[in-house]
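**Q** Next comes protein26.csv, CSV, C-alpha atoms and all ligand atoms:
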chain,number,residue,atom,x,y,z
Y,2,MET,CA,-26.7,-68.1,-11.8
Y,3,SER,CA,-28.3,-64.6,-11.3
Y,4,SER,CA,-27.0,-61.5,-13.0
Y,5,ASP,CA,-26.4,-58.4,-10.9
Y,6,ASP,CA,-29.5,-56.9,-12.3
Y,7,ASP,CA,-31.8,-59.6,-11.0
Y,8,VAL,CA,-33.8,-58.7,-8.0
Y,9,VAL,CA,-33.2,-61.4,-5.4
Y,10,GLU,CA,-35.2,-61.7,-2.3
Y,11,PRO,CA,-33.0,-62.6,0.7
Y,12,GLU,CA,-35.9,-62.9,3.1
Y,13,VAL,CA,-36.5,-66.6,2.7
Y,14,MET,CA,-36.4,-69.8,4.7
Y,15,GLY,CA,-38.1,-68.2,7.7
Y,16,THR,CA,-35.4,-66.0,9.1
Y,17,PRO,CA,-36.8,-64.7,12.4
Y,18,THR,CA,-37.7,-61.0,12.2
Y,19,TYR,CA,-36.5,-60.7,15.8
Y,20,LEU,CA,-33.0,-61.8,15.0
Y,21,GLU,CA,-31.5,-58.3,14.7
Y,22,GLU,CA,-33.0,-57.2,18.0
Y,23,PHE,CA,-31.7,-60.4,19.6
Y,24,CYS,CA,-28.2,-59.8,18.3
Y,25,LYS,CA,-28.2,-56.2,19.5
Y,26,ASP,CA,-29.0,-57.4,23.0
Y,27,TYR,CA,-26.8,-60.5,23.1
Y,28,PHE,CA,-23.7,-59.9,20.9
Y,29,PRO,CA,-20.6,-59.4,23.0
Y,30,LYS,CA,-19.6,-55.8,23.5
Y,31,ARG,CA,-15.9,-55.8,22.4
Y,32,GLU,CA,-13.3,-53.4,21.1
Y,33,GLY,CA,-12.9,-53.7,17.3
Y,34,GLN,CA,-14.4,-56.0,14.8
Y,35,LEU,CA,-16.4,-59.0,15.8
Y,36,THR,CA,-15.6,-62.3,14.1
Y,37,ILE,CA,-18.8,-64.1,13.3
Y,38,ILE,CA,-19.3,-67.6,11.9
Y,39,GLU,CA,-22.7,-68.4,10.4
Y,40,VAL,CA,-23.4,-72.1,9.7
Y,41,GLY,CA,-26.2,-72.1,7.1
Y,42,THR,CA,-26.6,-68.9,5.2
Y,43,TRP,CA,-28.9,-69.6,2.2
Y,44,LYS,CA,-29.4,-66.2,0.5
Y,45,GLY,CA,-28.0,-64.1,3.2
Y,46,ALA,CA,-30.9,-62.8,5.2
Y,47,SER,CA,-29.7,-63.8,8.7
Y,48,ALA,CA,-26.1,-62.9,7.9
Y,49,PHE,CA,-27.3,-59.4,6.9
Y,50,LYS,CA,-29.2,-59.0,10.2
Y,51,MET,CA,-26.1,-59.9,12.2
Y,52,ILE,CA,-24.0,-57.4,10.2
Y,53,SER,CA,-26.6,-54.7,10.7
Y,54,ALA,CA,-26.8,-55.5,14.4
Y,55,CYS,CA,-23.2,-54.7,14.9
Y,56,ASN,CA,-23.2,-51.6,12.6
Y,57,ASN,CA,-21.1,-53.5,9.9
Y,58,ASN,CA,-18.2,-53.7,12.4
Y,59,CYS,CA,-17.5,-57.4,11.8
Y,60,LYS,CA,-16.2,-60.2,9.5
Y,61,VAL,CA,-18.7,-62.9,8.8
Y,62,TYR,CA,-17.6,-66.3,7.7
Y,63,CYS,CA,-20.6,-67.8,5.9
Y,64,VAL,CA,-20.5,-71.5,5.9
Y,65,ASP,CA,-22.8,-73.2,3.4
Y,66,THR,CA,-22.5,-75.7,0.5
Y,67,TRP,CA,-25.3,-73.6,-1.1
Y,68,LEU,CA,-26.7,-77.0,-2.1
Y,69,GLY,CA,-29.7,-77.0,0.2
Y,70,SER,CA,-30.4,-78.9,3.4
Y,71,LEU,CA,-31.5,-82.5,3.5
Y,72,GLU,CA,-35.2,-81.4,3.6
Y,73,HIS,CA,-34.8,-78.9,0.7
Y,74,TYR,CA,-32.4,-80.7,-1.7
Y,75,ASP,CA,-35.1,-82.2,-4.0
Y,76,SER,CA,-36.9,-78.9,-4.4
Y,77,ILE,CA,-34.0,-76.5,-4.6
Y,78,GLN,CA,-33.7,-74.1,-7.7
Y,79,ARG,CA,-31.3,-75.4,-10.3
Y,80,ASP,CA,-29.5,-74.2,-13.4
Y,81,SER,CA,-29.9,-75.6,-16.9
Y,82,ASN,CA,-27.4,-78.4,-16.0
Y,83,GLY,CA,-29.5,-79.4,-13.0
Y,84,TYR,CA,-27.0,-78.1,-10.5
Y,85,PRO,CA,-28.3,-76.1,-7.5
Y,86,ASN,CA,-27.7,-72.4,-8.0
Y,87,ILE,CA,-28.3,-70.7,-4.7
Y,88,PHE,CA,-24.8,-69.3,-4.4
Y,89,GLY,CA,-25.4,-66.9,-7.3
Y,90,ASP,CA,-28.4,-65.3,-5.6
Y,91,PHE,CA,-26.5,-65.1,-2.3
Y,92,TRP,CA,-23.5,-63.3,-3.8
Y,93,THR,CA,-25.8,-61.0,-5.8
Y,94,ASN,CA,-27.4,-60.0,-2.5
Y,95,VAL,CA,-24.0,-59.5,-0.8
Y,96,LYS,CA,-22.8,-57.2,-3.7
Y,97,ARG,CA,-26.1,-55.3,-3.7
Y,98,ALA,CA,-25.7,-54.7,0.1
Y,99,GLY,CA,-22.0,-53.6,-0.4
Y,100,TYR,CA,-20.9,-56.4,2.0
Y,101,GLU,CA,-18.1,-57.9,-0.2
Y,102,ASP,CA,-15.4,-56.9,2.3
Y,103,ILE,CA,-17.4,-58.2,5.3
Y,104,VAL,CA,-18.6,-61.6,4.1
Y,105,VAL,CA,-16.3,-64.5,3.5
Y,106,PRO,CA,-18.1,-67.5,1.9
Y,107,VAL,CA,-16.8,-70.9,3.0
Y,108,THR,CA,-18.4,-73.3,0.5
Y,109,LEU,CA,-17.7,-76.5,2.4
Y,110,PRO,CA,-19.9,-79.1,4.2
Y,111,SER,CA,-20.2,-77.7,7.8
Y,112,THR,CA,-18.0,-80.1,9.7
Y,113,ILE,CA,-15.2,-79.8,7.2
Y,114,ALA,CA,-15.6,-76.0,7.3
Y,115,ALA,CA,-15.1,-76.1,11.0
Y,116,GLU,CA,-11.9,-78.0,10.6
Y,117,TYR,CA,-10.8,-75.6,7.8
Y,118,LEU,CA,-11.5,-72.5,10.0
Y,119,GLN,CA,-9.8,-74.1,13.0
Y,120,ASN,CA,-6.7,-74.9,10.8
Y,121,LYS,CA,-6.6,-71.2,9.8
Y,122,GLY,CA,-6.5,-70.3,13.5
Y,123,ILE,CA,-9.9,-68.5,13.4
Y,124,GLN,CA,-11.7,-68.1,16.7
Y,125,ALA,CA,-15.1,-66.4,16.7
Y,126,ASP,CA,-16.8,-64.0,19.0
Y,127,VAL,CA,-20.2,-65.2,17.8
Y,128,ILE,CA,-21.3,-68.5,16.1
Y,129,TYR,CA,-24.8,-68.8,14.6
Y,130,ILE,CA,-25.9,-72.4,13.7
Y,131,ASP,CA,-28.8,-72.7,11.2
Y,132,ALA,CA,-27.8,-75.4,8.7
Y,133,ALA,CA,-29.0,-79.0,9.2
Y,134,HIS,CA,-32.2,-79.3,11.4
Y,135,ASP,CA,-32.1,-83.1,12.0
Y,136,TYR,CA,-30.8,-84.3,15.4
Y,137,LYS,CA,-27.6,-86.1,14.1
Y,138,ASN,CA,-26.3,-83.4,11.9
Y,139,THR,CA,-27.3,-80.5,14.2
Y,140,LEU,CA,-25.4,-82.2,17.0
Y,141,SER,CA,-22.4,-82.7,14.7
Y,142,ASP,CA,-22.5,-79.0,13.9
Y,143,LEU,CA,-22.6,-78.0,17.6
Y,144,GLU,CA,-19.7,-80.3,18.4
Y,145,ALA,CA,-17.7,-79.1,15.4
Y,146,PHE,CA,-18.1,-75.4,16.0
Y,147,TRP,CA,-18.0,-75.1,19.8
Y,148,PRO,CA,-14.2,-75.5,19.9
Y,149,ILE,CA,-13.7,-72.4,17.7
Y,150,LEU,CA,-15.8,-70.1,19.8
Y,151,LYS,CA,-13.6,-67.8,21.9
Y,152,LYS,CA,-14.0,-68.9,25.5
Y,153,GLU,CA,-14.1,-65.3,26.7
Y,154,SER,CA,-16.9,-63.8,28.8
Y,155,GLY,CA,-19.7,-62.7,26.5
Y,156,SER,CA,-19.0,-64.9,23.5
Y,157,LEU,CA,-22.3,-66.1,21.9
Y,158,PHE,CA,-23.1,-69.6,20.5
Y,159,PHE,CA,-26.7,-69.6,19.2
Y,160,GLY,CA,-29.2,-70.8,16.6
Y,161,ASP,CA,-32.6,-70.8,15.2
Y,162,ASP,CA,-35.7,-73.1,15.3
Y,163,PHE,CA,-35.9,-74.2,18.9
Y,164,HIS,CA,-39.5,-75.4,18.8
Y,165,ASP,CA,-41.7,-78.5,18.4
Y,166,ASP,CA,-41.6,-78.4,14.6
Y,167,TRP,CA,-37.8,-79.0,14.7
Y,168,PHE,CA,-37.5,-81.6,17.5
Y,169,GLY,CA,-34.1,-82.6,16.0
Y,170,VAL,CA,-32.8,-79.1,16.9
Y,171,VAL,CA,-34.3,-79.2,20.3
Y,172,GLY,CA,-32.9,-82.7,21.1
Y,173,ALA,CA,-29.4,-81.8,19.7
Y,174,VAL,CA,-29.2,-78.5,21.7
Y,175,GLN,CA,-30.3,-80.3,24.9
Y,176,GLU,CA,-27.8,-83.2,24.4
Y,177,PHE,CA,-25.0,-80.8,23.5
Y,178,GLY,CA,-25.6,-78.7,26.7
Y,179,PHE,CA,-25.5,-81.9,28.7
Y,180,LYS,CA,-22.2,-82.8,27.1
Y,181,ILE,CA,-20.5,-79.5,27.8
Y,182,GLY,CA,-22.2,-79.1,31.2
Y,183,VAL,CA,-23.9,-75.8,30.4
Y,184,ARG,CA,-27.7,-75.4,30.2
Y,185,HIS,CA,-28.9,-73.7,27.1
Y,186,SER,CA,-31.2,-70.6,27.2
Y,187,VAL,CA,-34.1,-69.8,24.9
Y,188,ASN,CA,-35.5,-66.5,23.7
Y,189,GLY,CA,-38.5,-67.0,21.4
Y,190,LYS,CA,-37.3,-69.7,19.0
Y,191,THR,CA,-33.6,-68.8,19.4
Y,192,TRP,CA,-31.5,-71.1,21.6
Y,193,PHE,CA,-28.2,-69.9,22.9
Y,194,PHE,CA,-25.2,-70.5,25.1
Y,195,LYS,CA,-23.4,-67.5,26.5
Y,196,VAL,CA,-19.8,-67.9,27.7
U,1,LIG,C1,-32.3,-72.9,6.9
U,1,LIG,S1,-31.2,-72.5,5.6
U,1,LIG,C2,-30.3,-71.2,6.3
U,1,LIG,C3,-31.2,-69.9,6.4
U,1,LIG,C4,-30.4,-68.7,6.8
U,1,LIG,N1,-29.7,-68.8,8.0
U,1,LIG,C5,-31.4,-67.6,6.9
U,1,LIG,O1,-32.0,-67.4,8.0
U,1,LIG,O2,-31.6,-66.8,5.9
U,1,LIG,C6,-30.0,-73.8,5.8
U,1,LIG,C7,-28.8,-73.7,4.9
U,1,LIG,O3,-27.8,-74.6,5.4
U,1,LIG,C8,-27.1,-75.2,4.3
U,1,LIG,N2,-26.7,-76.5,4.8
U,1,LIG,C9,-27.4,-77.5,5.3
U,1,LIG,N3,-26.7,-78.5,5.8
U,1,LIG,C10,-25.4,-78.1,5.5
U,1,LIG,C11,-24.1,-78.7,5.8
U,1,LIG,N4,-24.0,-79.9,6.4
U,1,LIG,N5,-23.0,-78.1,5.4
U,1,LIG,C12,-23.1,-76.8,4.8
U,1,LIG,N6,-24.3,-76.2,4.6
U,1,LIG,C13,-25.4,-76.9,4.9
U,1,LIG,C14,-28.1,-75.3,3.2
U,1,LIG,O4,-27.5,-75.3,1.9
U,1,LIG,C15,-29.0,-74.0,3.4
U,1,LIG,O5,-28.5,-73.0,2.6
Represent the structure contained in this file as structure tokens.
**A**
Amino acid sequence: MSSDDDVVEPEVMGTPTYLEEFCKDYFPKREGQLTIIEVGTWKGASAFKMISACNNNCKVYCVDTWLGSLEHYDSIQRDSNGYPNIFGDFWTNVKRAGYEDIVVPVTLPSTIAAEYLQNKGIQADVIYIDAAHDYKNTLSDLEAFWPILKKESGSLFFGDDFHDDWFGVVGAVQEFGFKIGVRHSVNGKTWFFKV
């Protein structure tokens, strides 16, 4: 685990540079704090961009096992016991940014996290999906988190990596849109459904 003095680079895993601009354009304009759920946080880069896009006026539930995705698990950094140690870097970044009162880590597998948040009565204004990238698990995430998006005009359900390199994401988003009867939209590599 990292000490507070370590310099940790949050800009990893290909977080799109245009994410903050996208959020400024597409986040719902509502009175008071936005409730955001991020599914797949890694070291915090995308969460930080969403926080910045709404001028820190939000609560962000960061859902991640911090154990890496299917495709990264073998190469993930580990502590001396062999246990993946991404969470330490993430929390160091949160503290350095001064976001401890904004960010709520939910250290559960995504579909269980959705159930946990639902049981707590949490409904989000914005949900960002960027955890699994294979078809089956992406579709599970979409199905698990859609019910806890506020169904009010302007709510945003969106995610990263809608392009040919991640055909599992593309297929899952298309299939999910078909199931809920709403066609997805795309801006760059960002897919989204707007209520
Ligand atoms: C692509 S990274 C997220 C990158 C981050 N959104 C960013 O742009 O900086 C994917 C993250 O999802 C997490 N993850 C993958 N599958 C998961 C699952 N089923 N449940 C919880 N977390 C998961 C991994 O641990 C990893 O940190």
**Q** Do you know which residues are within 7 Å of ligand LIG 1 (chain U) using all atoms listed in the file? Can you write them as a ChimeraX atom specification?
**A** /Y:11-16,40-48,64-71,109-112,131-133,138
**Q** Here's a test: counting all atoms listed in the file, identify every protein, DNA and RNA residue with an atom at most 10 Å from (-20.5, -67.5, 12.1) in the file's coordinate frame, and state them as a PyMOL selection string.
**A** chain Y and resi 36-42+48+51+60-64+124-131+146+150+158-159
**Q** Restricting the calculation to only C-alpha atoms, which member of Y:Phe163, Y:Gly169, Y:Glu116, Y:Lys190 is positioned closest to Lys137 (chain Y)?
**A**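 Closest candidate: Y:Gly169.
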**Q** Could you jot down the CA of Gly122 (chain Y) to CA of Phe28 (chain Y) separation for me, Å, one decimal place?
**A**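 These two atoms are separated by 21.4 Å.
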**Q** Tell me which protein, DNA and RNA residues are within 10 Å of Tyr100 (chain Y), counting only C-alpha atoms, leaving out same-chain ones fewer than 4 positions away, and put them as a list of chain:residue names.
**A**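 These residues fall inside the cut-off: Y:Phe49, Y:Ile52, Y:Asn57, Y:Lys60, Y:Val61, Y:Trp92, Y:Asn94, Y:Val95, Y:Lys96, Y:Val104, Y:Val105.
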**Q** Create the file for the chosen residues now, containing C-alpha atoms and written as a PDB file, in the coordinates of the input.
**A**
ATOM      1  CA  PHE Y  49     -27.300 -59.400   6.900  1.00  0.00           C
ATOM      2  CA  ILE Y  52     -24.000 -57.400  10.200  1.00  0.00           C
ATOM      3  CA  ASN Y  57     -21.100 -53.500   9.900  1.00  0.00           C
ATOM      4  CA  LYS Y  60     -16.200 -60.200   9.500  1.00  0.00           C
ATOM      5  CA  VAL Y  61     -18.700 -62.900   8.800  1.00  0.00           C
ATOM      6  CA  TRP Y  92     -23.500 -63.300  -3.800  1.00  0.00           C
ATOM      7  CA  ASN Y  94     -27.400 -60.000  -2.500  1.00  0.00           C
ATOM      8  CA  VAL Y  95     -24.000 -59.500  -0.800  1.00  0.00           C
ATOM      9  CA  LYS Y  96     -22.800 -57.200  -3.700  1.00  0.00           C
ATOM     10  CA  VAL Y 104     -18.600 -61.600   4.100  1.00  0.00           C
ATOM     11  CA  VAL Y 105     -16.300 -64.500   3.500  1.00  0.00           C
TER      12      VAL Y 105
END
**Q** Quick one: distance from CA of Cys24 (chain Y) to CA of Ser186 (chain Y) in Å, one decimal?
**A**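 Straight-line distance from CA of Cys24 (chain Y) to CA of Ser186 (chain Y) works out to 14.3 Å.
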**Q** What does the distance between CA of Gly155 (chain Y) and CA of Leu143 (chain Y) come to in Å, to one decimal place?
**A**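 CA of Leu143 (chain Y) lies at a distance of 17.9 Å from CA of Gly155 (chain Y).
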**Q** Restricting the calculation to only C-alpha atoms, which member of Y:Leu20, Y:Arg31, Y:Tyr136, Y:Asn56 is positioned closest to Trp192 (chain Y)?
**A**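 Of Y:Leu20, Y:Arg31, Y:Tyr136, Y:Asn56, the one nearest Trp192 (chain Y), counting only C-alpha atoms, is Y:Leu20.
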**Q** I'd like to know which of Y:Asp26, Y:Asp135, Y:Glu153, Y:Asp75 is closest to Gly172 (chain Y), using all atoms listed in the file.
**A** Y:Asp135
**Q** Tell me, as number ranges by chain, which residues lie within 10 Å of Phe177 (chain Y), counting only C-alpha atoms; anything in the same chain fewer than 6 positions away does not count.
**A** Y: 139-141, 143-144, 147, 171, 183-185
**Q** Using only C-alpha atoms, which residue out of Y:Asn188, Y:Asn86, Y:Gly182, Y:Ala145 lies closest to His164 (chain Y)?
**A**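 Looking only at the distances to His164 (chain Y), the closest residue turns out to be Y:Asn188.
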**Q** Counting only C-alpha atoms, figure out which residue out of Y:Pro106, Y:Ile181, Y:Glu72, Y:Arg79 gets nearest to Leu118 (chain Y).
**A** Y:Pro106
**Q** Kindly indicate which residue among Y:Ile87, Y:Lys30, Y:Phe194, Y:Lys152 lies nearest to His73 (chain Y), using all atoms listed in the file for the distances.
**A**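 Smallest distance to His73 (chain Y) is found for Y:Ile87.
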**Q** Please list as a list in words every residue within 12 Å of Gly83 (chain Y), counting only C-alpha atoms and excluding residues in the same chain fewer than 5 positions away.
**A**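 Counting only the stated atoms, we get Met2, Leu68, Tyr74, Asp75, Ser76, Ile77 and Gln78 of chain Y.
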**Q** Please complete region 30-58 of chain Y with N, CA and C atoms and give it back as an mmCIF file, keeping the file's coordinate frame.
**A**
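As written to disk, out.cif reads:
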data_model
loop_
_atom_site.group_PDB
_atom_site.id
_atom_site.type_symbol
_atom_site.label_atom_id
_atom_site.label_comp_id
_atom_site.auth_asym_id
_atom_site.auth_seq_id
_atom_site.Cartn_x
_atom_site.Cartn_y
_atom_site.Cartn_z
ATOM 1 N N LYS Y 30 -20.003 -57.145 23.706
ATOM 2 C CA LYS Y 30 -19.600 -55.800 23.500
ATOM 3 C C LYS Y 30 -18.032 -55.783 23.600
ATOM 4 N N ARG Y 31 -17.369 -55.733 22.457
ATOM 5 C CA ARG Y 31 -15.900 -55.800 22.400
ATOM 6 C C ARG Y 31 -15.322 -54.703 21.622
ATOM 7 N N GLU Y 32 -14.071 -54.382 21.920
ATOM 8 C CA GLU Y 32 -13.300 -53.400 21.100
ATOM 9 C C GLU Y 32 -13.143 -54.005 19.721
ATOM 10 N N GLY Y 33 -13.273 -53.201 18.686
ATOM 11 C CA GLY Y 33 -12.900 -53.700 17.300
ATOM 12 C C GLY Y 33 -13.948 -54.568 16.708
ATOM 13 N N GLN Y 34 -13.510 -55.148 15.595
ATOM 14 C CA GLN Y 34 -14.400 -56.000 14.800
ATOM 15 C C GLN Y 34 -14.772 -57.297 15.434
ATOM 16 N N LEU Y 35 -16.043 -57.673 15.338
ATOM 17 C CA LEU Y 35 -16.400 -59.000 15.800
ATOM 18 C C LEU Y 35 -16.178 -60.020 14.695
ATOM 19 N N THR Y 36 -15.703 -61.171 15.096
ATOM 20 C CA THR Y 36 -15.600 -62.300 14.100
ATOM 21 C C THR Y 36 -16.803 -63.184 14.352
ATOM 22 N N ILE Y 37 -17.590 -63.314 13.273
ATOM 23 C CA ILE Y 37 -18.800 -64.100 13.300
ATOM 24 C C ILE Y 37 -18.728 -65.263 12.364
ATOM 25 N N ILE Y 38 -19.182 -66.421 12.805
ATOM 26 C CA ILE Y 38 -19.300 -67.600 11.900
ATOM 27 C C ILE Y 38 -20.799 -67.896 11.800
ATOM 28 N N GLU Y 39 -21.311 -67.927 10.578
ATOM 29 C CA GLU Y 39 -22.700 -68.400 10.400
ATOM 30 C C GLU Y 39 -22.643 -69.728 9.680
ATOM 31 N N VAL Y 40 -23.318 -70.710 10.267
ATOM 32 C CA VAL Y 40 -23.400 -72.100 9.700
ATOM 33 C C VAL Y 40 -24.755 -72.244 9.108
ATOM 34 N N GLY Y 41 -24.878 -72.115 7.780
ATOM 35 C CA GLY Y 41 -26.200 -72.100 7.100
ATOM 36 C C GLY Y 41 -26.607 -70.720 6.782
ATOM 37 N N THR Y 42 -26.361 -70.314 5.561
ATOM 38 C CA THR Y 42 -26.600 -68.900 5.200
ATOM 39 C C THR Y 42 -27.677 -68.708 4.162
ATOM 40 N N TRP Y 43 -27.862 -69.687 3.290
ATOM 41 C CA TRP Y 43 -28.900 -69.600 2.200
ATOM 42 C C TRP Y 43 -28.642 -68.333 1.394
ATOM 43 N N LYS Y 44 -29.603 -67.399 1.345
ATOM 44 C CA LYS Y 44 -29.400 -66.200 0.500
ATOM 45 C C LYS Y 44 -28.921 -64.997 1.240
ATOM 46 N N GLY Y 45 -28.628 -65.163 2.515
ATOM 47 C CA GLY Y 45 -28.000 -64.100 3.200
ATOM 48 C C GLY Y 45 -28.788 -63.329 4.254
ATOM 49 N N ALA Y 46 -30.085 -63.629 4.365
ATOM 50 C CA ALA Y 46 -30.900 -62.800 5.200
ATOM 51 C C ALA Y 46 -30.447 -62.721 6.668
ATOM 52 N N SER Y 47 -30.138 -63.864 7.266
ATOM 53 C CA SER Y 47 -29.700 -63.800 8.700
ATOM 54 C C SER Y 47 -28.337 -63.206 8.826
ATOM 55 N N ALA Y 48 -27.443 -63.480 7.884
ATOM 56 C CA ALA Y 48 -26.100 -62.900 7.900
ATOM 57 C C ALA Y 48 -26.249 -61.340 7.895
ATOM 58 N N PHE Y 49 -27.146 -60.852 7.039
ATOM 59 C CA PHE Y 49 -27.300 -59.400 6.900
ATOM 60 C C PHE Y 49 -27.833 -58.782 8.201
ATOM 61 N N LYS Y 50 -28.696 -59.526 8.892
ATOM 62 C CA LYS Y 50 -29.200 -59.000 10.200
ATOM 63 C C LYS Y 50 -28.135 -58.910 11.211
ATOM 64 N N MET Y 51 -27.241 -59.892 11.215
ATOM 65 C CA MET Y 51 -26.100 -59.900 12.200
ATOM 66 C C MET Y 51 -25.183 -58.714 11.860
ATOM 67 N N ILE Y 52 -24.934 -58.511 10.577
ATOM 68 C CA ILE Y 52 -24.000 -57.400 10.200
ATOM 69 C C ILE Y 52 -24.625 -56.080 10.597
ATOM 70 N N SER Y 53 -25.904 -55.934 10.348
ATOM 71 C CA SER Y 53 -26.600 -54.700 10.700
ATOM 72 C C SER Y 53 -26.594 -54.476 12.217
ATOM 73 N N ALA Y 54 -26.779 -55.570 12.974
ATOM 74 C CA ALA Y 54 -26.800 -55.500 14.400
ATOM 75 C C ALA Y 54 -25.538 -54.932 15.023
ATOM 76 N N CYS Y 55 -24.417 -55.193 14.352
ATOM 77 C CA CYS Y 55 -23.200 -54.700 14.900
ATOM 78 C C CYS Y 55 -22.613 -53.537 14.026
ATOM 79 N N ASN Y 56 -23.516 -52.827 13.378
ATOM 80 C CA ASN Y 56 -23.200 -51.600 12.600
ATOM 81 C C ASN Y 56 -22.033 -51.906 11.584
ATOM 82 N N ASN Y 57 -22.073 -53.064 10.960
ATOM 83 C CA ASN Y 57 -21.100 -53.500 9.900
ATOM 84 C C ASN Y 57 -19.693 -53.687 10.463
ATOM 85 N N ASN Y 58 -19.516 -53.632 11.792
ATOM 86 C CA ASN Y 58 -18.200 -53.700 12.400
ATOM 87 C C ASN Y 58 -17.849 -55.202 12.658
#
